[in-house]
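Chemist: This is the content of query05.csv (CSV, N, CA and C atoms and all ligand atoms):
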```csv
chain,number,residue,atom,x,y,z
P,1,MET,N,0.9,-1.2,0.0
P,1,MET,CA,0.0,0.0,0.0
P,1,MET,C,0.9,1.2,0.0
P,2,ILE,N,0.5,2.2,-0.8
P,2,ILE,CA,1.4,3.4,-0.9
P,2,ILE,C,0.8,4.6,-0.2
P,3,TRP,N,1.6,5.5,0.1
P,3,TRP,CA,1.2,6.8,0.8
P,3,TRP,C,0.7,7.7,-0.3
P,4,CYS,N,-0.3,8.5,0.0
P,4,CYS,CA,-1.0,9.3,-1.0
P,4,CYS,C,-0.1,10.4,-1.6
P,5,PRO,N,0.1,10.4,-2.9
P,5,PRO,CA,1.0,11.4,-3.5
P,5,PRO,C,0.3,12.7,-3.6
P,6,ARG,N,-1.0,12.7,-3.4
P,6,ARG,CA,-1.7,14.0,-3.6
P,6,ARG,C,-1.8,14.8,-2.3
P,7,CYS,N,-2.3,14.1,-1.2
P,7,CYS,CA,-2.5,14.9,0.1
P,7,CYS,C,-1.3,14.6,1.1
P,8,ASP,N,-0.5,13.6,0.8
P,8,ASP,CA,0.6,13.2,1.7
P,8,ASP,C,0.1,13.0,3.2
P,9,GLN,N,-1.1,12.6,3.3
P,9,GLN,CA,-1.7,12.4,4.7
P,9,GLN,C,-2.3,11.0,4.9
P,10,GLY,N,-2.4,10.2,3.9
P,10,GLY,CA,-3.2,9.0,4.0
P,10,GLY,C,-2.7,7.9,3.1
P,11,TRP,N,-3.1,6.7,3.4
P,11,TRP,CA,-2.8,5.5,2.6
P,11,TRP,C,-3.7,5.4,1.4
P,12,VAL,N,-3.2,4.8,0.3
P,12,VAL,CA,-4.0,4.6,-0.9
P,12,VAL,C,-4.2,3.0,-0.9
P,13,ALA,N,-5.5,2.6,-0.9
P,13,ALA,CA,-5.9,1.2,-0.9
P,13,ALA,C,-6.6,0.8,-2.1
P,14,ARG,N,-6.5,-0.4,-2.5
P,14,ARG,CA,-7.3,-0.9,-3.6
P,14,ARG,C,-8.7,-1.2,-3.1
P,15,ALA,N,-9.6,-0.9,-3.9
P,15,ALA,CA,-11.0,-1.1,-3.5
P,15,ALA,C,-11.8,-1.5,-4.8
P,16,ARG,N,-13.1,-1.8,-4.5
P,16,ARG,CA,-14.0,-2.1,-5.6
P,16,ARG,C,-15.4,-1.7,-5.3
P,17,VAL,N,-16.2,-1.6,-6.3
P,17,VAL,CA,-17.6,-1.4,-6.1
P,17,VAL,C,-18.3,-2.8,-6.2
P,18,PRO,N,-18.9,-3.2,-5.1
P,18,PRO,CA,-19.5,-4.6,-5.2
P,18,PRO,C,-20.5,-4.7,-6.4
P,19,GLY,N,-20.3,-5.8,-7.1
P,19,GLY,CA,-21.2,-6.1,-8.2
P,19,GLY,C,-20.7,-5.5,-9.5
P,20,GLU,N,-19.6,-4.7,-9.5
P,20,GLU,CA,-19.1,-4.1,-10.7
P,20,GLU,C,-17.7,-4.7,-11.0
P,21,PRO,N,-17.3,-4.8,-12.3
P,21,PRO,CA,-16.0,-5.3,-12.6
P,21,PRO,C,-14.9,-4.3,-12.3
P,22,GLY,N,-13.8,-4.8,-12.1
P,22,GLY,CA,-12.6,-3.9,-12.0
P,22,GLY,C,-12.4,-3.4,-10.6
P,23,THR,N,-11.3,-2.8,-10.3
P,23,THR,CA,-10.9,-2.2,-9.1
P,23,THR,C,-10.3,-0.8,-9.3
P,24,PHE,N,-10.1,-0.1,-8.2
P,24,PHE,CA,-9.5,1.2,-8.3
P,24,PHE,C,-8.8,1.5,-7.0
P,25,LEU,N,-8.0,2.5,-7.0
P,25,LEU,CA,-7.2,2.9,-5.9
P,25,LEU,C,-7.8,4.2,-5.2
P,26,LEU,N,-7.8,4.2,-3.9
P,26,LEU,CA,-8.5,5.2,-3.2
P,26,LEU,C,-7.7,5.7,-1.9
P,27,CYS,N,-7.6,7.0,-1.8
P,27,CYS,CA,-6.9,7.5,-0.6
P,27,CYS,C,-7.9,7.6,0.6
P,28,HIS,N,-7.4,7.1,1.8
P,28,HIS,CA,-8.2,7.1,3.0
P,28,HIS,C,-8.5,8.5,3.5
P,29,GLU,N,-7.7,9.5,3.2
P,29,GLU,CA,-7.8,10.8,3.7
P,29,GLU,C,-8.5,11.8,2.8
P,30,CYS,N,-8.1,11.8,1.5
P,30,CYS,CA,-8.6,12.9,0.6
P,30,CYS,C,-9.6,12.3,-0.3
P,31,ASP,N,-9.9,11.0,-0.3
P,31,ASP,CA,-11.0,10.4,-1.1
P,31,ASP,C,-10.7,10.5,-2.6
P,32,THR,N,-9.4,10.7,-3.0
P,32,THR,CA,-9.0,10.7,-4.4
P,32,THR,C,-9.0,9.3,-4.9
P,33,VAL,N,-9.6,9.1,-6.1
P,33,VAL,CA,-9.6,7.8,-6.8
P,33,VAL,C,-8.7,7.9,-8.0
P,34,TRP,N,-7.9,6.8,-8.2
P,34,TRP,CA,-7.2,6.6,-9.4
P,34,TRP,C,-7.8,5.3,-10.0
P,35,ALA,N,-8.5,5.5,-11.1
P,35,ALA,CA,-9.3,4.3,-11.6
P,35,ALA,C,-8.5,3.6,-12.7
P,36,ASP,N,-7.7,4.3,-13.5
P,36,ASP,CA,-7.1,3.7,-14.6
P,36,ASP,C,-5.6,4.1,-14.7
P,37,ARG,N,-5.0,4.5,-13.6
P,37,ARG,CA,-3.6,4.8,-13.6
P,37,ARG,C,-3.1,4.6,-12.2
P,38,GLU,N,-1.8,4.6,-12.1
P,38,GLU,CA,-1.2,4.5,-10.8
P,38,GLU,C,-1.3,5.9,-10.1
P,39,PRO,N,-1.4,5.9,-8.7
P,39,PRO,CA,-1.5,7.1,-8.0
P,39,PRO,C,-0.3,8.1,-8.4
P,40,ASP,N,-0.7,9.3,-8.7
P,40,ASP,CA,0.3,10.4,-8.9
P,40,ASP,C,-0.3,11.7,-8.4
P,41,ALA,N,0.5,12.7,-8.5
P,41,ALA,CA,0.1,14.0,-7.9
P,41,ALA,C,-0.4,15.0,-9.1
P,42,ASP,N,-0.6,14.4,-10.2
P,42,ASP,CA,-1.0,15.2,-11.4
P,42,ASP,C,-2.5,15.2,-11.6
P,43,PRO,N,-3.1,16.4,-11.7
P,43,PRO,CA,-4.5,16.5,-12.1
P,43,PRO,C,-4.7,16.0,-13.5
P,44,PRO,N,-5.9,15.7,-13.9
P,44,PRO,CA,-7.1,15.9,-13.2
P,44,PRO,C,-7.3,14.8,-12.1
P,45,PHE,N,-7.9,15.2,-11.0
P,45,PHE,CA,-8.2,14.2,-9.9
P,45,PHE,C,-9.6,13.8,-10.0
P,46,LEU,N,-9.8,12.6,-9.6
P,46,LEU,CA,-11.2,12.0,-9.5
P,46,LEU,C,-11.5,11.8,-8.1
P,47,ILE,N,-12.6,12.2,-7.6
P,47,ILE,CA,-13.0,12.1,-6.2
P,47,ILE,C,-14.0,10.9,-6.1
P,48,LEU,N,-14.0,10.3,-4.9
P,48,LEU,CA,-14.8,9.1,-4.7
P,48,LEU,C,-16.3,9.4,-5.1
P,49,GLU,N,-16.7,10.6,-4.7
P,49,GLU,CA,-18.1,10.9,-5.0
P,49,GLU,C,-18.4,10.9,-6.5
P,50,GLN,N,-17.4,11.5,-7.3
P,50,GLN,CA,-17.6,11.6,-8.7
P,50,GLN,C,-17.5,10.2,-9.3
P,51,TYR,N,-16.6,9.4,-8.8
P,51,TYR,CA,-16.4,8.0,-9.3
P,51,TYR,C,-17.7,7.2,-9.1
P,52,LEU,N,-18.2,7.2,-7.9
P,52,LEU,CA,-19.4,6.4,-7.6
P,52,LEU,C,-20.6,6.9,-8.3
P,53,ALA,N,-20.6,8.2,-8.7
P,53,ALA,CA,-21.8,8.7,-9.5
P,53,ALA,C,-21.9,8.0,-10.8
P,54,ARG,N,-20.7,7.4,-11.3
P,54,ARG,CA,-20.8,6.7,-12.6
P,54,ARG,C,-21.6,5.4,-12.5
P,55,PHE,N,-21.7,4.9,-11.3
P,55,PHE,CA,-22.5,3.7,-11.0
P,55,PHE,C,-23.9,4.1,-10.4
P,56,GLY,N,-24.2,5.3,-10.3
P,56,GLY,CA,-25.5,5.7,-9.8
P,56,GLY,C,-25.5,5.6,-8.3
P,57,LEU,N,-24.3,5.7,-7.6
P,57,LEU,CA,-24.2,5.6,-6.2
P,57,LEU,C,-23.8,6.9,-5.5
P,58,ASP,N,-24.2,7.0,-4.3
P,58,ASP,CA,-23.7,8.2,-3.5
P,58,ASP,C,-22.3,7.9,-3.1
P,59,GLY,N,-21.6,9.0,-2.8
P,59,GLY,CA,-20.2,8.9,-2.5
P,59,GLY,C,-19.8,8.5,-1.1
P,60,LEU,N,-20.4,7.4,-0.7
P,60,LEU,CA,-20.2,6.9,0.6
P,60,LEU,C,-19.2,5.7,0.6
P,61,TRP,N,-18.4,5.7,1.7
P,61,TRP,CA,-17.5,4.5,1.8
P,61,TRP,C,-18.3,3.2,2.0
P,62,SER,N,-19.5,3.3,2.5
P,62,SER,CA,-20.3,2.1,2.7
P,62,SER,C,-20.7,1.5,1.3
P,63,ASN,N,-20.5,2.2,0.2
P,63,ASN,CA,-20.8,1.7,-1.1
P,63,ASN,C,-19.7,1.0,-1.8
P,64,ILE,N,-18.5,1.0,-1.1
P,64,ILE,CA,-17.4,0.3,-1.7
P,64,ILE,C,-16.9,-0.8,-0.7
P,65,GLU,N,-16.0,-1.6,-1.3
P,65,GLU,CA,-15.4,-2.7,-0.5
P,65,GLU,C,-13.9,-2.5,-0.6
P,66,LEU,N,-13.2,-2.3,0.5
P,66,LEU,CA,-11.8,-2.2,0.5
P,66,LEU,C,-11.2,-3.6,0.4
P,67,LEU,N,-10.2,-3.7,-0.4
P,67,LEU,CA,-9.5,-5.0,-0.7
P,67,LEU,C,-8.2,-5.1,0.1
P,68,GLU,N,-7.8,-4.0,0.7
P,68,GLU,CA,-6.5,-4.0,1.5
P,68,GLU,C,-6.8,-3.3,2.8
P,69,LYS,N,-6.1,-3.8,3.8
P,69,LYS,CA,-6.2,-3.1,5.1
P,69,LYS,C,-5.0,-2.1,5.2
P,70,LYS,N,-5.2,-1.1,6.0
P,70,LYS,CA,-4.1,-0.2,6.3
P,70,LYS,C,-3.1,-0.9,7.1
P,71,PRO,N,-1.8,-0.5,6.9
P,71,PRO,CA,-0.8,-1.1,7.7
P,71,PRO,C,-1.1,-0.9,9.2
P,72,GLY,N,-0.9,-2.0,9.9
P,72,GLY,CA,-1.2,-1.9,11.4
P,72,GLY,C,-2.6,-2.2,11.8
P,73,GLU,N,-3.5,-2.4,10.8
P,73,GLU,CA,-4.8,-2.8,11.2
P,73,GLU,C,-5.0,-4.3,11.3
C,1,ZN,ZN,-4.8,11.5,-0.2
```
Produce structure tokens that represent the structure in this file.

Modeler:
Amino acid sequence: MIWCPRCDQGWVARARVPGEPGTFLLCHECDTVWADREPDADPPFLILEQYLARFGLDGLWSNIELLEKKPGE
């Protein structure tokens, strides 16, 4: 798991939307999503709320499944 290159304050974990194909990377702190590239600090940024709207979902963490635990958990 990598440290967020955008906010420098949180871990980036792999996650998925239950029932949808594919996975994405998500920062625990700033909610930035990297859906089709590795995490970097270059815009444009995609936020969890915007990403989940593609699936008709609200931008809630309860709508996703984390596939990795934060270090130490
Ligand atoms: Zn972040």

Chemist: Please find the residues contacting ligand ZN 1 (chain C) at a distance of at most 5 Å between atoms, with only N, CA and C atoms and all ligand atoms counted, and report them as a PyMOL selection string.

Modeler: chain P and resi 4+6-8+10+27+29-30

Chemist: Which residue gives the smallest distance to Gln50 (chain P) among P:Trp34, P:His28, P:Arg14, P:Leu66, with only C-alpha atoms counted?

Modeler: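 For Gln50 (chain P), the nearest of the candidates is P:Trp34.
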
Chemist: Can you pull out every residue within 6 Å of Thr32 (chain P), counting all atoms listed in the file, but drop anything in the same chain fewer than 5 positions away, and send it as a VMD selection string?

Modeler: chain P and resid 25 to 27 46 to 48

Chemist: Hey, can you check how far atom N of Glu73 (chain P) sits from CA of Asp42 (chain P)?

Modeler: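 Taking atom N of Glu73 (chain P) as the start and CA of Asp42 (chain P) as the end point, the length is 28.4 Å.
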
Chemist: Restricting the calculation to only C-alpha atoms, which member of P:Pro44, P:Gln9, P:Pro18, P:Phe24 is positioned closest to Glu68 (chain P)?

Modeler: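 Using only C-alpha atoms, Glu68 (chain P) sits closest to P:Phe24.
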
Chemist: I'd like the interatomic distance between CA of Leu57 (chain P) and atom C of Gly72 (chain P), to a tenth of an Å.

Modeler: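 Computing the Euclidean distance for CA of Leu57 (chain P) and atom C of Gly72 (chain P) yields 29.2 Å.
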
Chemist: Calculate how many Å separate atom N of Gly56 (chain P) from atom N of Ala41 (chain P), rounding to one decimal.

Modeler: 25.8 Å

Chemist: With DSSP run on the backbone, what are the strand (DSSP E) residues within region 4-64 of chain P? I'd like them as a VMD selection string.

Modeler: chain P and resid 11 to 16 24 to 27 32 to 34 46 to 47

Chemist: May I have the residues at most 6 Å from (-17.0, 1.3, -10.1) in the file's coordinates, counting only N, CA and C atoms, as a PDB file with N, CA and C atoms, in the frame of the given file?

Modeler:
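Here's the written file result18.pdb:
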```pdb
ATOM      1  N   ARG P  16     -13.100  -1.800  -4.500  1.00  0.00           N
ATOM      2  CA  ARG P  16     -14.000  -2.100  -5.600  1.00  0.00           C
ATOM      3  C   ARG P  16     -15.400  -1.700  -5.300  1.00  0.00           C
ATOM      4  N   VAL P  17     -16.200  -1.600  -6.300  1.00  0.00           N
ATOM      5  CA  VAL P  17     -17.600  -1.400  -6.100  1.00  0.00           C
ATOM      6  C   VAL P  17     -18.300  -2.800  -6.200  1.00  0.00           C
ATOM      7  N   GLU P  20     -19.600  -4.700  -9.500  1.00  0.00           N
ATOM      8  CA  GLU P  20     -19.100  -4.100 -10.700  1.00  0.00           C
ATOM      9  C   GLU P  20     -17.700  -4.700 -11.000  1.00  0.00           C
TER      10      GLU P  20
END
```
